[in-house]
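A.B. asks: The structure that follows is given in the form of structure tokens.
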Amino acid sequence: MIRILHTADVHLDSPFSGLPPRCAEMRRNELRQTFVSMMTAAKRADCDLILIAGDLFDGALVTRETVRMLCREFEDFGRPIFVAPGNHDPASPGSVWQKVTFPDNVHVFTSTDPEGIDLADENGGDTGVTVYGYAFTGPDLTEVPFEGMRADDPERINLLVCHCDMLGANSTDCPVTAAHLAAFGADYAALGHIHNPPAAGPGNRYAYCGCPEPRAFDELGPKGALFVEIEKEDGVSTVSLRRVRFSRRRYEKGEVDCTGVASLAEIRERIGQKAAAEGWGDDTLAQVRLTGFVPPSLLIDTEALADPREYGLFSLCLTDSTRPDADPEELRSDPGIRGAIWREMESELNAEDPRRREVALRALRYALCAVAGDTV
């Protein structure tokens, strides 16, 4: 049996530009810590090798601190590590893959031409395992490098590590299909590029591991890596997968219905209830949309409501999509000034830009309050 840690899409040194500077620096440090945690887990699980299927780095700018951390962790692991550079960190001229000398146990694929490496044991003997891989050498890879190829020896455990896009037939990020993988005949293909991993392929013959640490609201929920175990006898292999969480943070989205509230304090209470019901905590970056009907005189100050410490969260982004407590159809057909206001503003109230919608809602509240003689 062979044990493997399969990871990808770590995106070390990501800028986290959507966060305040203090939080962004914290997240960059946490990303490095997450990688260290994966390496520690691989040692504890007695993994025979590690497969890194692309985008280990977020881009060409890599800090010395990150390089030192990687070299230390790679050397401490001691066993073989295979890296297939992806579209974010291609093996292009002048890239980190050329500038840095990694420990001897690390093999980086540097060509789009697939390469097969027979794995040796600690004494130099043959393990019966072959690892195939290739690299992005630029930001795009429109062909499938291993198309028309097949793993050399069906009696060996054949592994393929590659960065590819199985979800877009016209993708410029190596548009691999299930037919390509089946024709190649690997016992297991360790895939990278898709951060929210779909289900593994039939018989666990291929899988995306997803990203180990989410970086935005299109990467919801806890993230991690895959531990893979493969047994092969008489040319027949059995592959088992175990997904393990490594992420220190998680991104989550939700809605809070504010219908019936009369104050900001009540809205704050409902946000707290939502966070508790979903199990969100200090590991959570939450994006919450406020919905429902509220009194026109209630001006919702999303900045005042969005202090994450009040709800025990790491970060909170609020969007106000509530409506004044008035029937839209009634307002639309009102022949008076209230109807005129609504008809004038309706397109902005339904604008795609959430900021424009929020401004329009505030303006509508001011106007309806003024007509009613109320104060905001």
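By order in the structure tokens, chains are A, B, ...; within a chain, residues start at 1; ligands start at 1, following the order shown.
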Please run DSSP on the backbone and report, as a list in words, all residues within segment 109-277 of chain A that come out as helix (DSSP H, G or I).
C.D. replies: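 Checking each residue of segment 109-277 of chain A, the helix (DSSP H, G or I) ones are Ala178, Ala179, His180, Leu181, Ala182, Ala183, Phe184, Pro202, Gly203, Asn204, Leu264, Ala265, Glu266, Ile267, Arg268, Glu269, Arg270, Ile271, Gly272, Gln273, Lys274, Ala275, Ala276 and Ala277 of chain A.
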A.B. asks: Could you give me, as a ChimeraX atom specification, the residues within 12 Å of Thr63 of chain A, counting only C-alpha atoms and dropping anything in the same chain fewer than 5 positions from it?
C.D. replies: /A:12-15,28-29,32,57-58,68-70,96,100
A.B. asks: Just checking: using only C-alpha atoms, which residue out of A:Val144, A:Ile117, A:Ile52, A:Leu368 ends up closest to Ile337 of chain A?
C.D. replies: A:Leu368
A.B. asks: Provide the atom CA of Asp46 of chain A to atom CA of Asp76 of chain A distance in Å, to one decimal place.
C.D. replies: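 So the two atoms, atom CA of Asp46 of chain A and atom CA of Asp76 of chain A, lie 12.9 Å apart.
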A.B. asks: Of the candidates A:Phe102, A:Tyr188, A:Trp280, A:Trp342, which one gets nearest to Tyr132 of chain A if we count only C-alpha atoms?
C.D. replies: A:Tyr188
A.B. asks: Determine, counting only C-alpha atoms, which protein, DNA and RNA residues have an atom within 12 Å of an atom of Leu141 of chain A; residues of the same chain fewer than 3 positions away are not included. Present the result as a PDB file with N, CA and C atoms, in the first residue's frame.
C.D. replies:
```pdb
ATOM      1  N   PRO A  85       3.733  22.762 -11.501  1.00  0.00           N
ATOM      2  CA  PRO A  85       3.343  24.178 -11.519  1.00  0.00           C
ATOM      3  C   PRO A  85       2.082  24.429 -12.346  1.00  0.00           C
ATOM      4  N   GLY A  86       1.251  25.384 -11.866  1.00  0.00           N
ATOM      5  CA  GLY A  86      -0.017  25.673 -12.512  1.00  0.00           C
ATOM      6  C   GLY A  86      -0.026  27.012 -13.225  1.00  0.00           C
ATOM      7  N   ASN A  87      -1.216  27.507 -13.503  1.00  0.00           N
ATOM      8  CA  ASN A  87      -1.332  28.757 -14.269  1.00  0.00           C
ATOM      9  C   ASN A  87      -0.945  29.986 -13.468  1.00  0.00           C
ATOM     10  N   HIS A  88      -1.024  29.914 -12.120  1.00  0.00           N
ATOM     11  CA  HIS A  88      -0.615  31.051 -11.300  1.00  0.00           C
ATOM     12  C   HIS A  88       0.890  31.070 -11.041  1.00  0.00           C
ATOM     13  N   PRO A  90       3.526  29.370 -13.084  1.00  0.00           N
ATOM     14  CA  PRO A  90       4.098  28.556 -14.154  1.00  0.00           C
ATOM     15  C   PRO A  90       5.624  28.480 -14.084  1.00  0.00           C
ATOM     16  N   SER A 111       8.315  21.189 -17.674  1.00  0.00           N
ATOM     17  CA  SER A 111       8.002  21.196 -19.101  1.00  0.00           C
ATOM     18  C   SER A 111       6.557  20.779 -19.321  1.00  0.00           C
ATOM     19  N   THR A 112       5.982  21.227 -20.438  1.00  0.00           N
ATOM     20  CA  THR A 112       4.640  20.764 -20.806  1.00  0.00           C
ATOM     21  C   THR A 112       4.683  19.333 -21.332  1.00  0.00           C
ATOM     22  N   ASP A 113       5.873  18.841 -21.651  1.00  0.00           N
ATOM     23  CA  ASP A 113       6.008  17.443 -22.060  1.00  0.00           C
ATOM     24  C   ASP A 113       5.959  16.556 -20.818  1.00  0.00           C
ATOM     25  N   TYR A 134       3.489  17.156 -15.518  1.00  0.00           N
ATOM     26  CA  TYR A 134       3.914  18.181 -16.476  1.00  0.00           C
ATOM     27  C   TYR A 134       3.692  19.526 -15.807  1.00  0.00           C
ATOM     28  N   ALA A 135       4.092  20.585 -16.471  1.00  0.00           N
ATOM     29  CA  ALA A 135       3.975  21.926 -15.890  1.00  0.00           C
ATOM     30  C   ALA A 135       3.328  22.888 -16.870  1.00  0.00           C
ATOM     31  N   PHE A 136       2.633  23.871 -16.324  1.00  0.00           N
ATOM     32  CA  PHE A 136       2.338  25.072 -17.084  1.00  0.00           C
ATOM     33  C   PHE A 136       3.666  25.821 -17.221  1.00  0.00           C
ATOM     34  N   THR A 137       3.947  26.328 -18.411  1.00  0.00           N
ATOM     35  CA  THR A 137       5.138  27.160 -18.587  1.00  0.00           C
ATOM     36  C   THR A 137       4.747  28.605 -18.899  1.00  0.00           C
ATOM     37  N   GLY A 138       3.478  28.885 -18.828  1.00  0.00           N
ATOM     38  CA  GLY A 138       2.931  30.222 -19.009  1.00  0.00           C
ATOM     39  C   GLY A 138       1.540  30.244 -18.407  1.00  0.00           C
ATOM     40  N   VAL A 144      -3.916  19.376 -23.998  1.00  0.00           N
ATOM     41  CA  VAL A 144      -3.767  18.387 -22.917  1.00  0.00           C
ATOM     42  C   VAL A 144      -2.465  17.640 -23.165  1.00  0.00           C
ATOM     43  N   PRO A 145      -1.432  17.902 -22.371  1.00  0.00           N
ATOM     44  CA  PRO A 145      -0.106  17.351 -22.667  1.00  0.00           C
ATOM     45  C   PRO A 145      -0.053  15.835 -22.782  1.00  0.00           C
ATOM     46  N   CYS A 162      -1.398  16.802 -11.944  1.00  0.00           N
ATOM     47  CA  CYS A 162      -1.560  17.811 -12.994  1.00  0.00           C
ATOM     48  C   CYS A 162      -2.549  18.901 -12.587  1.00  0.00           C
ATOM     49  N   HIS A 163      -2.277  20.071 -13.096  1.00  0.00           N
ATOM     50  CA  HIS A 163      -3.144  21.229 -12.926  1.00  0.00           C
ATOM     51  C   HIS A 163      -3.994  21.305 -14.186  1.00  0.00           C
ATOM     52  N   CYS A 164      -5.313  21.263 -14.031  1.00  0.00           N
ATOM     53  CA  CYS A 164      -6.162  21.186 -15.220  1.00  0.00           C
ATOM     54  C   CYS A 164      -7.579  21.625 -14.880  1.00  0.00           C
ATOM     55  N   ASP A 165      -8.357  21.870 -15.925  1.00  0.00           N
ATOM     56  CA  ASP A 165      -9.738  22.315 -15.766  1.00  0.00           C
ATOM     57  C   ASP A 165     -10.672  21.296 -16.416  1.00  0.00           C
ATOM     58  N   ASN A 170     -13.786  24.603 -23.145  1.00  0.00           N
ATOM     59  CA  ASN A 170     -12.996  25.549 -23.927  1.00  0.00           C
ATOM     60  C   ASN A 170     -12.006  26.317 -23.050  1.00  0.00           C
ATOM     61  N   SER A 171     -11.665  25.750 -21.924  1.00  0.00           N
ATOM     62  CA  SER A 171     -10.784  26.414 -20.976  1.00  0.00           C
ATOM     63  C   SER A 171      -9.382  26.583 -21.555  1.00  0.00           C
ATOM     64  N   THR A 172      -8.724  27.670 -21.160  1.00  0.00           N
ATOM     65  CA  THR A 172      -7.317  27.869 -21.498  1.00  0.00           C
ATOM     66  C   THR A 172      -6.407  27.359 -20.376  1.00  0.00           C
ATOM     67  N   ASP A 173      -6.996  26.676 -19.395  1.00  0.00           N
ATOM     68  CA  ASP A 173      -6.239  26.147 -18.258  1.00  0.00           C
ATOM     69  C   ASP A 173      -6.160  24.624 -18.312  1.00  0.00           C
ATOM     70  N   CYS A 174      -5.776  24.108 -19.489  1.00  0.00           N
ATOM     71  CA  CYS A 174      -5.612  22.666 -19.716  1.00  0.00           C
ATOM     72  C   CYS A 174      -6.949  21.928 -19.586  1.00  0.00           C
ATOM     73  N   PRO A 175      -7.744  21.905 -20.668  1.00  0.00           N
ATOM     74  CA  PRO A 175      -9.107  21.337 -20.611  1.00  0.00           C
ATOM     75  C   PRO A 175      -9.126  19.806 -20.650  1.00  0.00           C
ATOM     76  N   VAL A 176      -8.834  19.196 -19.532  1.00  0.00           N
ATOM     77  CA  VAL A 176      -8.809  17.739 -19.419  1.00  0.00           C
ATOM     78  C   VAL A 176     -10.231  17.197 -19.272  1.00  0.00           C
TER      79      VAL A 176
END
```
A.B. asks: For the structure I just gave you, how does DSSP split segment 184-350 of chain A - specifically, which residues are strand (DSSP E)? Reply as number ranges by chain.
C.D. replies: A: 188-192, 206-208, 224-233, 236-245, 250-257, 284-291, 293-294, 315-320, 323-324
A.B. asks: Residues of the last selection are to be written out with N, CA and C atoms, as a compact mmCIF listing (two decimals), in the first residue's frame.
C.D. replies:
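And here's selection_37.txt as it stands now:
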```txt
# COMPACT_ATOMS: atom_id res chain seq x y z
N TYR A 188 -4.33 6.72 -10.04
CA TYR A 188 -4.88 7.91 -9.39
C TYR A 188 -4.29 9.15 -10.03
N ALA A 189 -5.18 10.09 -10.39
CA ALA A 189 -4.76 11.39 -10.93
C ALA A 189 -5.05 12.45 -9.89
N ALA A 190 -4.00 13.10 -9.39
CA ALA A 190 -4.11 14.16 -8.39
C ALA A 190 -4.26 15.49 -9.13
N LEU A 191 -5.46 16.08 -9.06
CA LEU A 191 -5.78 17.25 -9.86
C LEU A 191 -5.78 18.52 -9.02
N GLY A 192 -5.43 19.61 -9.67
CA GLY A 192 -5.50 20.93 -9.05
C GLY A 192 -6.13 21.92 -9.99
N TYR A 206 -9.63 9.67 -10.01
CA TYR A 206 -9.13 11.05 -10.08
C TYR A 206 -9.95 11.90 -9.13
N ALA A 207 -9.33 12.99 -8.64
CA ALA A 207 -10.03 13.87 -7.71
C ALA A 207 -9.32 15.22 -7.64
N TYR A 208 -10.13 16.24 -7.42
CA TYR A 208 -9.61 17.55 -7.04
C TYR A 208 -9.55 17.60 -5.52
N GLY A 224 -9.48 21.96 2.73
CA GLY A 224 -8.43 21.07 3.20
C GLY A 224 -7.68 20.39 2.09
N ALA A 225 -7.32 19.13 2.31
CA ALA A 225 -6.55 18.35 1.35
C ALA A 225 -7.02 16.90 1.40
N LEU A 226 -6.45 16.08 0.53
CA LEU A 226 -6.84 14.67 0.46
C LEU A 226 -5.70 13.76 0.90
N PHE A 227 -6.06 12.77 1.72
CA PHE A 227 -5.14 11.67 2.00
C PHE A 227 -5.60 10.48 1.16
N VAL A 228 -4.67 9.94 0.41
CA VAL A 228 -4.98 8.89 -0.57
C VAL A 228 -4.22 7.62 -0.19
N GLU A 229 -4.92 6.49 -0.22
CA GLU A 229 -4.27 5.19 -0.02
C GLU A 229 -4.58 4.31 -1.23
N ILE A 230 -3.54 3.68 -1.76
CA ILE A 230 -3.69 2.85 -2.97
C ILE A 230 -3.07 1.48 -2.73
N GLU A 231 -3.83 0.46 -3.02
CA GLU A 231 -3.33 -0.91 -3.01
C GLU A 231 -3.50 -1.49 -4.40
N LYS A 232 -2.52 -2.26 -4.86
CA LYS A 232 -2.62 -2.84 -6.20
C LYS A 232 -2.10 -4.27 -6.17
N GLU A 233 -2.91 -5.17 -6.71
CA GLU A 233 -2.55 -6.58 -6.76
C GLU A 233 -3.03 -7.17 -8.07
N VAL A 236 -4.75 -4.84 -10.48
CA VAL A 236 -6.01 -4.20 -10.08
C VAL A 236 -5.76 -3.35 -8.83
N SER A 237 -6.11 -2.08 -8.90
CA SER A 237 -5.85 -1.18 -7.78
C SER A 237 -7.15 -0.77 -7.09
N THR A 238 -7.01 -0.49 -5.80
CA THR A 238 -8.10 0.03 -4.99
C THR A 238 -7.64 1.35 -4.39
N VAL A 239 -8.45 2.39 -4.58
CA VAL A 239 -8.08 3.73 -4.13
C VAL A 239 -9.09 4.21 -3.10
N SER A 240 -8.60 4.63 -1.94
CA SER A 240 -9.47 5.22 -0.93
C SER A 240 -9.03 6.66 -0.67
N LEU A 241 -10.00 7.54 -0.46
CA LEU A 241 -9.75 8.96 -0.26
C LEU A 241 -10.31 9.40 1.08
N ARG A 242 -9.58 10.29 1.74
CA ARG A 242 -10.07 10.87 2.99
C ARG A 242 -9.78 12.36 2.96
N ARG A 243 -10.85 13.15 3.00
CA ARG A 243 -10.71 14.60 2.96
C ARG A 243 -10.57 15.14 4.39
N VAL A 244 -9.55 15.95 4.61
CA VAL A 244 -9.24 16.48 5.94
C VAL A 244 -9.23 18.00 5.89
N ARG A 245 -9.90 18.62 6.86
CA ARG A 245 -9.88 20.08 6.94
C ARG A 245 -8.54 20.56 7.49
N ARG A 250 -12.95 30.18 7.40
CA ARG A 250 -13.92 29.78 6.38
C ARG A 250 -14.76 30.99 6.01
N TYR A 251 -15.14 31.04 4.76
CA TYR A 251 -16.03 32.08 4.25
C TYR A 251 -17.45 31.52 4.20
N GLU A 252 -18.40 32.33 4.65
CA GLU A 252 -19.80 31.89 4.65
C GLU A 252 -20.70 33.05 4.22
N LYS A 253 -21.82 32.69 3.58
CA LYS A 253 -22.82 33.66 3.16
C LYS A 253 -24.16 33.34 3.81
N GLY A 254 -24.98 34.36 4.03
CA GLY A 254 -26.29 34.12 4.59
C GLY A 254 -27.19 35.33 4.44
N GLU A 255 -28.46 35.13 4.76
CA GLU A 255 -29.45 36.21 4.73
C GLU A 255 -30.12 36.30 6.10
N VAL A 256 -30.48 37.52 6.47
CA VAL A 256 -31.21 37.76 7.71
C VAL A 256 -32.47 38.55 7.38
N ASP A 257 -33.63 37.98 7.68
CA ASP A 257 -34.91 38.64 7.43
C ASP A 257 -35.17 39.64 8.55
N THR A 284 -14.69 32.57 11.12
CA THR A 284 -15.61 32.84 10.00
C THR A 284 -15.53 34.26 9.48
N LEU A 285 -15.38 34.36 8.16
CA LEU A 285 -15.56 35.63 7.45
C LEU A 285 -16.94 35.54 6.81
N ALA A 286 -17.89 36.31 7.32
CA ALA A 286 -19.29 36.18 6.90
C ALA A 286 -19.71 37.35 6.02
N GLN A 287 -20.55 37.02 5.05
CA GLN A 287 -21.18 38.01 4.19
C GLN A 287 -22.70 37.82 4.34
N VAL A 288 -23.35 38.83 4.91
CA VAL A 288 -24.77 38.71 5.25
C VAL A 288 -25.57 39.78 4.51
N ARG A 289 -26.66 39.33 3.90
CA ARG A 289 -27.56 40.25 3.23
C ARG A 289 -28.82 40.42 4.07
N LEU A 290 -29.14 41.67 4.41
CA LEU A 290 -30.34 41.97 5.19
C LEU A 290 -31.52 42.10 4.23
N THR A 291 -32.60 41.37 4.51
CA THR A 291 -33.77 41.37 3.65
C THR A 291 -35.02 41.68 4.47
N PHE A 293 -39.00 43.65 5.12
CA PHE A 293 -39.62 44.98 5.10
C PHE A 293 -39.46 45.64 6.47
N VAL A 294 -38.99 46.88 6.45
CA VAL A 294 -38.75 47.62 7.69
C VAL A 294 -39.44 48.98 7.59
N SER A 315 -14.67 38.39 10.57
CA SER A 315 -14.97 39.50 9.66
C SER A 315 -16.44 39.42 9.28
N LEU A 316 -17.05 40.60 9.05
CA LEU A 316 -18.46 40.63 8.67
C LEU A 316 -18.68 41.74 7.64
N CYS A 317 -19.31 41.35 6.54
CA CYS A 317 -19.70 42.30 5.49
C CYS A 317 -21.22 42.26 5.37
N LEU A 318 -21.86 43.42 5.56
CA LEU A 318 -23.32 43.50 5.51
C LEU A 318 -23.78 44.26 4.26
N THR A 319 -24.84 43.77 3.66
CA THR A 319 -25.49 44.44 2.54
C THR A 319 -26.96 44.65 2.89
N ASP A 320 -27.43 45.87 2.73
CA ASP A 320 -28.83 46.19 3.04
C ASP A 320 -29.70 46.03 1.80
N ARG A 323 -36.56 46.50 2.27
CA ARG A 323 -37.44 47.42 1.57
C ARG A 323 -38.29 48.17 2.61
N PRO A 324 -38.68 49.40 2.29
CA PRO A 324 -39.61 50.11 3.18
C PRO A 324 -40.89 49.31 3.34
```
A.B. asks: If we count only C-alpha atoms, what is near Gly281 of chain A at a cut-off of 9 Å, once residues fewer than 4 positions away on the same chain are taken out, given as a list in words?
C.D. replies: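 So the residues in contact are Ala275, Ala276, Leu285, Tyr311, Gly312, Leu313 and Phe314 of chain A.
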A.B. asks: Selected residues, N, CA and C atoms, written as a tab-separated table (two decimals), in the first residue's frame, please.
C.D. replies:
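What follows is the written file out-v3.tsv:
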```tsv
chain	number	residue	atom	x	y	z
A	275	ALA	N	-25.76	33.90	13.17
A	275	ALA	CA	-24.41	33.38	13.36
A	275	ALA	C	-24.41	32.16	14.28
A	276	ALA	N	-25.19	32.22	15.36
A	276	ALA	CA	-25.25	31.10	16.29
A	276	ALA	C	-25.89	29.88	15.65
A	285	LEU	N	-15.38	34.36	8.16
A	285	LEU	CA	-15.56	35.63	7.45
A	285	LEU	C	-16.94	35.54	6.81
A	311	TYR	N	-20.44	39.66	17.25
A	311	TYR	CA	-21.06	38.38	16.93
A	311	TYR	C	-20.05	37.24	17.06
A	312	GLY	N	-18.84	37.54	17.51
A	312	GLY	CA	-17.82	36.51	17.65
A	312	GLY	C	-17.25	36.02	16.33
A	313	LEU	N	-17.25	36.90	15.30
A	313	LEU	CA	-16.76	36.54	13.97
A	313	LEU	C	-15.39	37.17	13.71
A	314	PHE	N	-14.69	36.64	12.71
A	314	PHE	CA	-13.42	37.23	12.30
A	314	PHE	C	-13.66	38.46	11.44
```
A.B. asks: Figure out the distance between atom CA of Leu167 of chain A and atom CA of Lys223 of chain A, please, to one decimal in Å.
C.D. replies: 19.4 Å
